$ cat upload-v2.txt   # compact mmCIF, C-alpha atoms
# COMPACT_ATOMS: atom_id res chain seq x y z
CA MET A 1 -15.82 -24.89 -39.27
CA ALA A 2 -13.03 -22.41 -38.53
CA GLU A 3 -9.77 -23.85 -37.27
CA LYS A 4 -9.26 -23.47 -33.53
CA ARG A 5 -6.68 -21.01 -32.30
CA ASP A 6 -3.82 -22.10 -30.10
CA TYR A 7 -4.88 -21.96 -26.45
CA TYR A 8 -1.74 -20.05 -25.43
CA GLU A 9 -2.45 -17.53 -28.17
CA VAL A 10 -6.06 -17.18 -27.00
CA LEU A 11 -4.96 -16.24 -23.48
CA GLY A 12 -2.00 -14.21 -24.69
CA VAL A 13 0.61 -16.11 -22.65
CA SER A 14 3.78 -18.02 -23.51
CA LYS A 15 4.03 -21.81 -23.43
CA THR A 16 6.18 -21.52 -20.32
CA ALA A 17 3.63 -19.40 -18.42
CA GLY A 18 2.97 -20.39 -14.82
CA ASP A 19 -0.42 -21.10 -13.22
CA SER A 20 -0.80 -17.61 -11.76
CA GLU A 21 -0.01 -15.97 -15.12
CA ILE A 22 -2.57 -18.16 -16.90
CA LYS A 23 -5.23 -17.43 -14.28
CA SER A 24 -4.56 -13.70 -14.41
CA ALA A 25 -4.79 -13.66 -18.22
CA TYR A 26 -8.09 -15.53 -18.17
CA ARG A 27 -9.52 -13.31 -15.44
CA LYS A 28 -8.95 -10.24 -17.60
CA LEU A 29 -10.52 -11.82 -20.69
CA ALA A 30 -13.49 -13.25 -18.77
CA LYS A 31 -14.25 -9.90 -17.21
CA LYS A 32 -13.99 -8.18 -20.59
CA TYR A 33 -16.05 -10.61 -22.68
CA HIS A 34 -18.53 -12.09 -20.19
CA PRO A 35 -22.04 -12.19 -21.75
CA ASP A 36 -23.53 -10.36 -18.77
CA ALA A 37 -21.23 -7.44 -19.54
CA ASN A 38 -21.91 -7.63 -23.30
CA PRO A 39 -25.61 -8.49 -23.74
CA GLY A 40 -26.49 -9.42 -27.30
CA ASP A 41 -22.86 -9.29 -28.49
CA ALA A 42 -22.28 -12.60 -30.29
CA GLU A 43 -18.59 -11.90 -30.92
CA ALA A 44 -17.91 -11.20 -27.23
CA GLU A 45 -19.81 -14.35 -26.31
CA GLN A 46 -17.65 -16.41 -28.66
CA LYS A 47 -14.42 -14.90 -27.31
CA PHE A 48 -15.57 -15.58 -23.76
CA LYS A 49 -16.29 -19.20 -24.62
CA GLU A 50 -12.94 -19.54 -26.42
CA ALA A 51 -11.01 -18.08 -23.47
CA SER A 52 -12.89 -20.28 -20.99
CA GLU A 53 -12.07 -23.40 -22.98
CA ALA A 54 -8.39 -22.41 -23.16
CA TYR A 55 -8.27 -21.75 -19.42
CA ALA A 56 -10.03 -25.03 -18.60
CA ILE A 57 -7.30 -26.93 -20.46
CA LEU A 58 -4.18 -24.97 -19.49
CA SER A 59 -5.06 -24.65 -15.80
CA ASP A 60 -5.27 -28.45 -15.45
CA PRO A 61 -1.73 -29.95 -15.33
CA GLU A 62 -2.78 -33.27 -16.90
CA LYS A 63 -4.89 -31.70 -19.67
CA ARG A 64 -2.16 -29.14 -20.36
CA LYS A 65 0.36 -31.95 -20.73
CA GLN A 66 -1.92 -33.72 -23.22
CA TYR A 67 -2.49 -30.51 -25.16
CA ASP A 68 1.24 -29.72 -25.33
CA GLN A 69 1.82 -33.20 -26.77
CA PHE A 70 -1.15 -33.70 -29.10
CA GLY A 71 -2.70 -30.25 -29.52
CA HIS A 72 -6.48 -29.95 -30.02
CA ALA A 73 -6.63 -33.57 -31.17
CA ALA A 74 -6.28 -34.66 -27.56
CA PHE A 75 -9.83 -33.51 -26.82
CA GLU A 76 -11.72 -34.19 -30.02
CA GLY A 77 -15.07 -35.87 -29.50
CA GLY A 78 -15.70 -34.31 -26.08
CA ALA A 79 -19.19 -33.37 -24.99
CA GLY A 80 -18.70 -29.59 -24.77
CA GLY A 81 -18.86 -27.02 -27.54
CA GLY A 82 -15.78 -27.20 -29.74
CA GLY A 83 -14.77 -30.60 -28.41
CA PHE A 84 -14.41 -29.87 -24.68
CA ASP A 85 -16.83 -30.88 -21.92
CA PHE A 86 -17.31 -27.82 -19.72
CA SER A 87 -19.40 -29.75 -17.24
CA SER A 88 -16.21 -31.45 -16.02
CA PHE A 89 -14.52 -28.23 -15.01
CA ASP A 90 -15.21 -25.99 -12.00
CA PHE A 91 -14.98 -22.27 -12.80
CA GLY A 92 -16.38 -21.39 -9.39
CA ASP A 93 -13.33 -19.86 -7.72
CA ILE A 94 -12.31 -17.61 -10.56
CA PHE A 95 -15.88 -16.53 -11.39
CA SER A 96 -16.54 -15.65 -7.77
CA ASP A 97 -13.35 -13.55 -7.81
CA ILE A 98 -14.60 -11.63 -10.84
CA PHE A 99 -18.34 -11.39 -10.38
CA GLY A 100 -18.93 -12.10 -6.70
CA GLY A 101 -21.13 -14.82 -5.31
CA SER A 102 -20.22 -18.47 -5.29
CA PHE A 103 -20.38 -20.64 -8.40
CA GLY A 104 -20.71 -24.37 -8.02
CA GLY A 105 -19.75 -25.36 -11.57
CA PHE A 106 -21.30 -26.05 -14.96
CA GLY A 107 -24.12 -28.49 -15.55
CA GLY A 108 -24.46 -29.21 -11.83
CA PHE A 109 -20.82 -30.32 -11.49
CA GLY A 110 -18.04 -28.76 -9.44
CA GLY A 111 -16.97 -28.98 -5.85
CA GLY A 112 -19.09 -27.68 -3.01
CA ARG A 113 -18.36 -24.35 -1.35
CA ARG A 114 -17.64 -23.60 2.26
CA SER A 115 -20.75 -22.86 4.27
CA SER A 116 -21.08 -19.13 4.88
CA ASN A 117 -22.06 -19.68 8.53
CA GLN A 118 -18.60 -20.97 9.39
CA PRO A 119 -16.68 -19.01 12.08
CA MET A 120 -15.05 -16.00 10.46
CA GLN A 121 -12.60 -13.43 11.78
CA GLY A 122 -14.00 -9.94 12.23
CA ALA A 123 -13.03 -7.03 10.02
CA ASN A 124 -10.02 -4.87 10.81
CA VAL A 125 -10.58 -1.36 12.13
CA ARG A 126 -8.42 1.51 10.92
CA THR A 127 -7.63 4.76 12.69
CA GLY A 128 -4.72 7.20 12.91
CA VAL A 129 -2.47 8.94 15.42
CA ARG A 130 -0.06 11.89 15.05
CA VAL A 131 3.39 11.95 16.64
CA THR A 132 6.30 14.37 16.62
CA PHE A 133 9.51 13.75 14.68
CA GLN A 134 11.32 12.96 17.93
CA GLU A 135 8.60 10.54 19.08
CA ALA A 136 8.82 8.66 15.80
CA VAL A 137 12.60 8.35 16.18
CA PHE A 138 12.64 7.04 19.75
CA GLY A 139 9.15 5.57 20.12
CA CYS A 140 6.39 6.55 22.51
CA GLU A 141 3.00 5.63 23.92
CA LYS A 142 -0.13 7.33 22.64
CA GLU A 143 -3.65 7.01 24.00
CA ILE A 144 -6.47 7.17 21.47
CA ASP A 145 -10.26 7.21 21.83
CA LEU A 146 -12.45 5.31 19.39
CA ASN A 147 -15.74 3.45 19.18
CA LEU A 148 -15.42 -0.33 19.32
CA LYS A 149 -18.10 -3.02 19.23
CA GLU A 150 -18.40 -5.03 22.43
CA GLU A 151 -20.61 -8.00 23.23
CA CYS A 152 -24.06 -6.95 24.39
CA LYS A 153 -24.37 -7.70 28.11
CA THR A 154 -28.14 -8.07 27.86
CA CYS A 155 -28.23 -10.91 25.31
CA HIS A 156 -24.60 -12.05 25.70
CA GLY A 157 -24.04 -11.68 21.98
CA SER A 158 -26.97 -13.80 20.75
CA GLY A 159 -28.95 -10.79 19.51
CA ALA A 160 -32.16 -12.35 20.85
CA LYS A 161 -34.41 -10.88 23.51
CA PRO A 162 -33.72 -12.34 26.97
CA GLY A 163 -35.79 -15.49 27.43
CA THR A 164 -35.72 -16.28 23.70
CA SER A 165 -33.10 -17.70 21.37
CA PRO A 166 -32.30 -17.56 17.64
CA GLU A 167 -34.07 -20.12 15.46
CA THR A 168 -32.65 -22.21 12.66
CA CYS A 169 -33.34 -20.54 9.32
CA LYS A 170 -35.99 -22.52 7.44
CA LYS A 171 -34.99 -21.17 4.02
CA CYS A 172 -31.44 -22.58 4.15
CA ASN A 173 -31.91 -25.17 6.94
CA GLY A 174 -29.16 -23.54 8.93
CA THR A 175 -26.47 -23.80 6.24
CA GLY A 176 -26.41 -20.05 5.58
CA GLN A 177 -26.52 -20.70 1.81
CA VAL A 178 -29.09 -21.02 -0.91
CA VAL A 179 -28.46 -22.77 -4.22
CA PHE A 180 -30.16 -22.01 -7.50
CA THR A 181 -29.46 -22.95 -11.11
CA GLN A 182 -29.75 -20.88 -14.23
CA GLN A 183 -29.12 -21.34 -17.92
CA SER A 184 -25.81 -19.96 -19.21
CA LEU A 185 -23.59 -20.15 -22.26
CA PHE A 186 -22.17 -23.44 -21.03
CA GLY A 187 -25.41 -25.04 -19.87
CA MET A 188 -26.92 -24.99 -16.40
CA VAL A 189 -24.88 -23.10 -13.82
CA ARG A 190 -25.27 -23.81 -10.12
CA ASN A 191 -24.97 -20.58 -8.17
CA VAL A 192 -24.42 -20.61 -4.43
CA GLN A 193 -25.04 -17.44 -2.44
CA ALA A 194 -25.58 -16.32 1.13
CA CYS A 195 -29.11 -16.90 2.31
CA PRO A 196 -31.06 -13.60 2.09
CA GLU A 197 -33.32 -14.63 4.98
CA CYS A 198 -30.58 -15.01 7.60
CA ASN A 199 -27.74 -13.10 5.84
CA GLY A 200 -25.63 -16.24 5.82
CA THR A 201 -25.73 -16.86 9.57
CA GLY A 202 -28.07 -19.86 9.44
CA LYS A 203 -30.08 -18.34 12.31
CA VAL A 204 -33.14 -16.09 12.39
CA ILE A 205 -33.93 -13.85 15.35
CA ARG A 206 -37.66 -13.48 15.80
CA GLU A 207 -37.54 -11.28 18.90
CA LYS A 208 -34.54 -8.96 18.89
CA CYS A 209 -32.68 -7.76 21.96
CA PRO A 210 -33.89 -4.22 22.79
CA ASP A 211 -30.41 -2.99 23.67
CA CYS A 212 -28.44 -4.16 20.62
CA ARG A 213 -31.41 -4.49 18.23
CA GLY A 214 -30.43 -7.99 17.26
CA GLU A 215 -26.81 -7.21 16.45
CA GLY A 216 -25.38 -8.97 19.49
CA PHE A 217 -22.92 -6.09 19.95
CA VAL A 218 -23.08 -2.51 21.15
CA SER A 219 -20.75 0.38 20.33
CA GLN A 220 -18.67 1.67 23.23
CA ARG A 221 -16.12 4.46 23.52
CA LYS A 222 -12.77 2.93 24.43
CA LYS A 223 -9.33 4.25 25.32
CA ILE A 224 -6.59 2.29 23.61
CA VAL A 225 -2.88 2.65 24.37
CA VAL A 226 -0.76 2.47 21.22
CA ASN A 227 2.90 1.54 21.60
CA VAL A 228 4.57 3.42 18.76
CA PRO A 229 7.89 1.63 18.06
CA ALA A 230 11.17 3.51 17.70
CA GLY A 231 12.04 4.12 14.05
CA ILE A 232 8.52 4.12 12.63
CA ASP A 233 8.10 6.26 9.52
CA ASP A 234 5.29 8.48 8.31
CA GLY A 235 2.40 6.42 6.90
CA GLN A 236 3.36 3.12 8.53
CA SER A 237 0.83 1.35 10.76
CA VAL A 238 0.88 -0.29 14.17
CA ARG A 239 -1.20 -3.49 14.42
CA ILE A 240 -3.00 -4.22 17.69
CA ARG A 241 -4.28 -7.79 17.66
CA GLY A 242 -7.88 -8.50 18.62
CA LYS A 243 -9.08 -4.90 18.83
CA GLY A 244 -11.03 -4.83 15.56
CA GLU A 245 -14.60 -5.83 14.71
CA PRO A 246 -16.08 -8.88 16.49
CA GLY A 247 -15.89 -12.18 14.66
CA VAL A 248 -18.85 -13.89 13.01
CA ASN A 249 -20.30 -17.16 14.29
CA GLY A 250 -17.74 -17.42 17.05
CA GLY A 251 -14.76 -16.33 14.97
CA PRO A 252 -11.95 -14.20 16.46
CA ARG A 253 -11.98 -10.42 16.47
CA GLY A 254 -10.18 -8.50 13.75
CA ASP A 255 -7.22 -6.22 14.40
CA LEU A 256 -6.86 -2.50 14.98
CA LEU A 257 -4.54 -0.82 12.46
CA VAL A 258 -3.25 2.55 13.64
CA GLU A 259 -1.65 4.64 10.89
CA VAL A 260 1.11 6.89 12.23
CA ARG A 261 1.43 10.42 10.85
CA VAL A 262 4.75 12.11 11.70
CA SER A 263 4.85 15.90 12.00
CA ARG A 264 7.54 17.81 10.09
CA HIS A 265 10.66 18.97 11.94
CA PRO A 266 11.90 22.54 11.41
CA VAL A 267 15.52 21.41 10.99
CA PHE A 268 15.69 17.68 10.28
CA GLN A 269 14.55 15.71 7.23
CA ARG A 270 14.36 11.93 7.16
CA GLN A 271 15.06 9.42 4.40
CA ASP A 272 14.74 5.77 5.41
CA TYR A 273 16.79 5.57 8.61
CA ASN A 274 19.07 8.53 7.84
CA ILE A 275 18.59 12.14 8.94
CA PHE A 276 19.67 15.20 6.96
CA SER A 277 20.18 18.80 8.04
CA THR A 278 22.03 21.96 6.97
CA VAL A 279 24.32 23.94 9.30
CA PRO A 280 25.56 27.47 8.43
CA ILE A 281 29.22 28.33 9.02
CA THR A 282 31.10 31.61 8.60
CA PHE A 283 33.66 32.33 5.91
CA ALA A 284 36.36 32.37 8.55
CA GLN A 285 35.33 28.97 9.89
CA ALA A 286 35.30 27.55 6.36
CA ALA A 287 38.72 29.02 5.54
CA LEU A 288 40.52 28.48 8.84
CA GLY A 289 38.62 25.51 10.26
CA GLY A 290 37.36 25.28 13.79
CA GLU A 291 34.89 23.67 16.13
CA ILE A 292 31.15 24.09 15.51
CA ARG A 293 28.05 22.89 17.33
CA VAL A 294 25.68 20.60 15.38
CA SER A 295 22.11 19.75 16.49
CA THR A 296 21.09 16.07 16.34
CA VAL A 297 18.15 14.07 17.70
CA ASP A 298 20.44 13.08 20.58
CA GLY A 299 21.29 16.71 21.40
CA ASP A 300 24.12 18.99 20.29
CA VAL A 301 27.48 17.51 19.32
CA LEU A 302 30.80 19.22 18.49
CA TYR A 303 32.34 18.84 15.05
CA ASP A 304 35.75 20.04 13.80
CA VAL A 305 35.47 21.82 10.46
CA LYS A 306 38.52 21.22 8.29
CA PRO A 307 40.39 24.30 6.97
CA GLY A 308 39.41 25.13 3.39
CA THR A 309 35.94 23.58 3.63
CA GLN A 310 33.80 24.51 0.63
CA THR A 311 30.14 25.41 0.87
CA GLY A 312 27.89 22.41 0.24
CA THR A 313 30.32 19.97 1.84
CA ARG A 314 28.43 17.06 3.43
CA VAL A 315 29.76 15.36 6.55
CA ARG A 316 28.52 12.18 8.21
CA LEU A 317 27.77 11.68 11.89
CA LYS A 318 27.73 7.89 12.15
CA GLY A 319 24.99 6.28 14.24
CA LYS A 320 23.16 9.55 14.87
CA GLY A 321 20.21 8.67 12.65
CA VAL A 322 16.96 6.77 13.23
CA PRO A 323 16.85 3.37 14.99
CA THR A 324 15.74 0.47 12.80
CA LEU A 325 12.39 -1.13 13.55
CA ARG A 326 13.91 -4.58 13.98
CA ASN A 327 16.67 -3.50 16.34
CA ARG A 328 16.63 -0.10 18.00
CA ASP A 329 20.35 -0.46 18.80
CA VAL A 330 21.11 -0.34 15.06
CA ARG A 331 20.77 3.20 13.76
CA GLY A 332 21.16 5.14 10.55
CA ASP A 333 23.47 8.15 10.14
CA HIS A 334 23.05 11.91 10.28
CA TYR A 335 24.31 13.80 7.23
CA VAL A 336 25.11 17.48 7.71
CA THR A 337 25.52 19.91 4.80
CA LEU A 338 27.85 22.81 5.65
CA ALA A 339 26.70 26.06 4.04
CA VAL A 340 29.10 29.03 4.06
CA GLN A 341 27.17 32.16 4.91
CA VAL A 342 27.95 35.44 3.10
CA PRO A 343 27.18 38.46 5.31
CA GLU A 344 24.59 40.79 3.79
CA ARG A 345 25.75 43.91 5.64
CA LEU A 346 29.34 44.92 6.35
CA SER A 347 30.76 47.84 8.27
CA ALA A 348 33.34 50.13 6.64
CA GLU A 349 36.05 48.50 8.72
CA GLN A 350 34.99 45.00 7.63
CA LYS A 351 34.94 46.05 3.98
CA GLU A 352 38.43 47.53 4.25
CA LEU A 353 39.77 44.38 5.85
CA LEU A 354 38.23 42.27 3.08
CA ARG A 355 39.81 44.50 0.42
CA LYS A 356 43.19 44.06 2.03
CA PHE A 357 42.62 40.34 2.11
CA ASP A 358 41.63 40.43 -1.54
CA GLU A 359 44.77 42.41 -2.44
CA ALA A 360 46.83 39.80 -0.67
CA CYS A 361 45.12 37.18 -2.82
CA GLY A 362 45.78 39.01 -6.10
CA GLY A 363 43.46 41.99 -6.00
CA SER A 364 40.49 40.80 -8.04
CA VAL A 365 37.90 42.86 -6.13
CA LYS A 366 37.66 46.64 -6.94
CA SER A 367 35.75 49.39 -5.19
CA ALA A 368 32.94 51.23 -6.96
CA GLY A 369 35.21 54.22 -7.65
CA GLU A 370 37.97 52.03 -9.04
CA ARG A 371 35.52 50.20 -11.30
CA ALA A 372 34.18 53.56 -12.64
CA GLU A 373 37.70 54.86 -13.31
CA LYS A 374 38.64 51.63 -15.10
CA LYS A 375 35.50 51.87 -17.23
CA LYS A 376 36.29 55.53 -18.10
CA LYS A 377 39.85 54.68 -19.17
CA SER A 378 38.62 51.76 -21.18
CA PHE A 379 36.23 54.01 -23.12
CA LYS A 380 39.02 56.51 -23.88
CA ASP A 381 41.27 53.72 -25.11
CA LYS A 382 38.59 52.40 -27.44
CA LEU A 383 37.94 55.95 -28.82
CA LYS A 384 41.63 56.44 -29.40
CA GLU A 385 41.91 53.13 -31.21
CA THR A 386 38.98 54.08 -33.47
CA PHE A 387 40.58 57.33 -34.72
CA GLU A 388 43.99 55.75 -35.13

$ encode --input "upload-v2.txt" --output "structure tokens"
Amino acid sequence: MAEKRDYYEVLGVSKTAGDSEIKSAYRKLAKKYHPDANPGDAEAEQKFKEASEAYAILSDPEKRKQYDQFGHAAFEGGAGGGGFDFSSFDFGDIFSDIFGGSFGGFGGFGGGRRSSNQPMQGANVRTGVRVTFQEAVFGCEKEIDLNLKEECKTCHGSGAKPGTSPETCKKCNGTGQVVFTQQSLFGMVRNVQACPECNGTGKVIREKCPDCRGEGFVSQRKKIVVNVPAGIDDGQSVRIRGKGEPGVNGGPRGDLLVEVRVSRHPVFQRQDYNIFSTVPITFAQAALGGEIRVSTVDGDVLYDVKPGTQTGTRVRLKGKGVPTLRNRDVRGDHYVTLAVQVPERLSAEQKELLRKFDEACGGSVKSAGERAEKKKKSFKDKLKETFE
């Protein structure tokens, strides 16, 4: 018989791996090598069995401790294949995560499962609302229309025709579950699933309510006011408690999740709680300094440009950004990029003034005629040098 591999090696985890890491590793292997997913594949079946045995040991603190101390010898002589008794271990939770349904254990062992006709919270309902950039910054109220399920007034939520009442399901005796066993790799597996006769409710409606058709709820168009908090960002959601789907078997309603979509602003861009914008300034303002008007979400503010400001300079307006969701009195900042504008069209007078300014700075700018004359002289000089 081939020597057994180390359980940690089988699952691909270190000896210091935590419970969640071990469970995650086994889940991946079980899903990959499960016989139902690999019919007729003996190798996959063996790997599945090997991984299941490793998980059964390493997920149990006491068994893991014994294995770390004595290795495989700690479990020699057990009733299961390869020396381990699978009937003593409940794979139900992890198998139900992977394959659905509800597994009670191997060989008829394993803890019972919660009855499916227990009170359960209703499903959440999702919808969306669009707001402007300004509304997202300072918050607002929005009214939305959507269809919500409400208790049927005719049957008061029972789903049964007036004068009648739901009956206890005979197939599951009101438990909402049916249990059946089937042969598997590890022996007999007890599988627990929702009763198909009553859909897990434990009740059967013989005569359905004509208004809700046995559902117990009817769809109604409702107007819901959404309080959009100040500082919310694009893609975030507002949760409204108790406005989702009705609960099951007396459980509470789910919630309404309203996703907020923020429209783009023509001037402002947002990053976290900060706002960014670009403001054009003239060459004279950049060179000499001066007061400019800057647009913010709070309105226009005045800012003193320092003399000699270069294009691309970024300045900060503290506290002029977006309020934080936790405290609207705490705000981000507004960053303004100053862009020096170069005029595209100049009058003759403006050009002359700029030339004079350039001459005062060293005369680096030449007119078209001066550039042509310089080019002509340069050509003559090169020709002269060639003949010399």

$ residues_around --input "upload-v2.txt" --residues "A:Pro210" --least-positions-apart "3" --cutoff "8 Å" --atoms "all atoms listed in the file" --output "VMD selection string"
chain A and resid 161 213 to 214

$ residues_around --input "upload-v2.txt" --residues "A:Thr132" --least-positions-apart "3" --cutoff "12 Å" --atoms "only C-alpha atoms" --output "PyMOL selection string"
chain A and resi 129+135-142+228+230+232-234+260-266+268+297

$ closest_residue --input "upload-v2.txt" --among "A:Asp255, A:Glu9, A:Glu359, A:Asp298" --to "A:Glu50" --atoms "all atoms listed in the file"
A:Glu9

$ residues_around --input "upload-v2.txt" --residues "stretch 304-312 of chain A" --least-positions-apart "4" --cutoff "8 Å" --atoms "all atoms listed in the file" --output "count of residues only"
12

$ atom_distance --input "upload-v2.txt" --atom1 "atom CA of A:Asn249" --atom2 "atom CA of A:Thr127"
25.4 Å

$ atom_distance --input "upload-v2.txt" --atom1 "atom CA of A:Val315" --atom2 "atom CA of A:Gly332"
13.9 Å

$ closest_residue --input "upload-v2.txt" --among "A:Gly18, A:Pro35, A:Gly40, A:Pro162" --to "A:Leu58" --atoms "only C-alpha atoms"
A:Gly18

$ residues_around --input "upload-v2.txt" --residues "A:Arg64" --least-positions-apart "3" --cutoff "12 Å" --atoms "all atoms listed in the file" --output "ChimeraX atom specification"
/A:7-8,15-19,22,53-61,67-72,74-75

$ write_last_selection --input "upload-v2.txt" --atoms "C-alpha atoms" --output "CSV table (one decimal), keeping the file's coordinate frame"
chain,number,residue,atom,x,y,z
A,7,TYR,CA,-4.9,-22.0,-26.4
A,8,TYR,CA,-1.7,-20.0,-25.4
A,15,LYS,CA,4.0,-21.8,-23.4
A,16,THR,CA,6.2,-21.5,-20.3
A,17,ALA,CA,3.6,-19.4,-18.4
A,18,GLY,CA,3.0,-20.4,-14.8
A,19,ASP,CA,-0.4,-21.1,-13.2
A,22,ILE,CA,-2.6,-18.2,-16.9
A,53,GLU,CA,-12.1,-23.4,-23.0
A,54,ALA,CA,-8.4,-22.4,-23.2
A,55,TYR,CA,-8.3,-21.8,-19.4
A,56,ALA,CA,-10.0,-25.0,-18.6
A,57,ILE,CA,-7.3,-26.9,-20.5
A,58,LEU,CA,-4.2,-25.0,-19.5
A,59,SER,CA,-5.1,-24.6,-15.8
A,60,ASP,CA,-5.3,-28.4,-15.4
A,61,PRO,CA,-1.7,-30.0,-15.3
A,67,TYR,CA,-2.5,-30.5,-25.2
A,68,ASP,CA,1.2,-29.7,-25.3
A,69,GLN,CA,1.8,-33.2,-26.8
A,70,PHE,CA,-1.2,-33.7,-29.1
A,71,GLY,CA,-2.7,-30.2,-29.5
A,72,HIS,CA,-6.5,-30.0,-30.0
A,74,ALA,CA,-6.3,-34.7,-27.6
A,75,PHE,CA,-9.8,-33.5,-26.8

$ residues_around --input "upload-v2.txt" --residues "A:Ala123" --least-positions-apart "5" --cutoff "7 Å" --atoms "all atoms listed in the file" --output "JSON, numbers by chain"
{"A": [244, 245, 254]}

$ closest_residue --input "upload-v2.txt" --among "A:Leu146, A:Ile281, A:Val248, A:Ile205" --to "A:Arg221" --atoms "only C-alpha atoms"
A:Leu146

$ atom_distance --input "upload-v2.txt" --atom1 "atom CA of A:Pro229" --atom2 "atom CA of A:Thr296"
19.6 Å

$ closest_residue --input "upload-v2.txt" --among "A:Leu353, A:Gln193, A:Pro166, A:Gly200" --to "A:Val178" --atoms "all atoms listed in the file"
A:Gln193

$ closest_residue --input "upload-v2.txt" --among "A:Lys31, A:Ala160, A:Pro39, A:Gly231" --to "A:Cys209" --atoms "all atoms listed in the file"
A:Ala160

$ build_atoms --input "upload-v2.txt" --residues "stretch 145-160 of chain A" --atoms "N, CA and C atoms" --output "CSV table (one decimal), keeping the file's coordinate frame"
chain,number,residue,atom,x,y,z
A,145,ASP,N,-8.9,7.5,21.5
A,145,ASP,CA,-10.3,7.2,21.8
A,145,ASP,C,-10.9,6.8,20.5
A,146,LEU,N,-11.7,5.7,20.6
A,146,LEU,CA,-12.4,5.3,19.4
A,146,LEU,C,-13.6,4.4,19.8
A,147,ASN,N,-14.6,4.3,18.9
A,147,ASN,CA,-15.7,3.4,19.2
A,147,ASN,C,-15.4,2.0,18.7
A,148,LEU,N,-15.6,1.1,19.6
A,148,LEU,CA,-15.4,-0.3,19.3
A,148,LEU,C,-16.7,-1.1,19.7
A,149,LYS,N,-17.0,-2.2,18.9
A,149,LYS,CA,-18.1,-3.0,19.2
A,149,LYS,C,-17.7,-4.0,20.3
A,150,GLU,N,-18.6,-4.1,21.3
A,150,GLU,CA,-18.4,-5.0,22.4
A,150,GLU,C,-19.7,-5.9,22.6
A,151,GLU,N,-19.5,-7.1,23.1
A,151,GLU,CA,-20.6,-8.0,23.2
A,151,GLU,C,-21.7,-7.4,24.1
A,152,CYS,N,-22.9,-7.5,23.6
A,152,CYS,CA,-24.1,-7.0,24.4
A,152,CYS,C,-24.2,-7.7,25.7
A,153,LYS,N,-24.2,-7.0,26.8
A,153,LYS,CA,-24.4,-7.7,28.1
A,153,LYS,C,-25.8,-8.2,28.4
A,154,THR,N,-26.7,-7.6,27.6
A,154,THR,CA,-28.1,-8.1,27.9
A,154,THR,C,-28.4,-9.4,27.2
A,155,CYS,N,-28.0,-9.6,26.0
A,155,CYS,CA,-28.2,-10.9,25.3
A,155,CYS,C,-27.0,-11.8,25.2
A,156,HIS,N,-25.9,-11.3,25.7
A,156,HIS,CA,-24.6,-12.0,25.7
A,156,HIS,C,-24.2,-12.4,24.3
A,157,GLY,N,-24.5,-11.5,23.4
A,157,GLY,CA,-24.0,-11.7,22.0
A,157,GLY,C,-25.0,-12.5,21.1
A,158,SER,N,-26.1,-13.0,21.6
A,158,SER,CA,-27.0,-13.8,20.8
A,158,SER,C,-27.8,-12.9,19.8
A,159,GLY,N,-28.1,-11.7,20.3
A,159,GLY,CA,-29.0,-10.8,19.5
A,159,GLY,C,-30.4,-11.0,19.8
A,160,ALA,N,-30.8,-12.0,20.6
A,160,ALA,CA,-32.2,-12.4,20.8
A,160,ALA,C,-32.6,-11.7,22.2
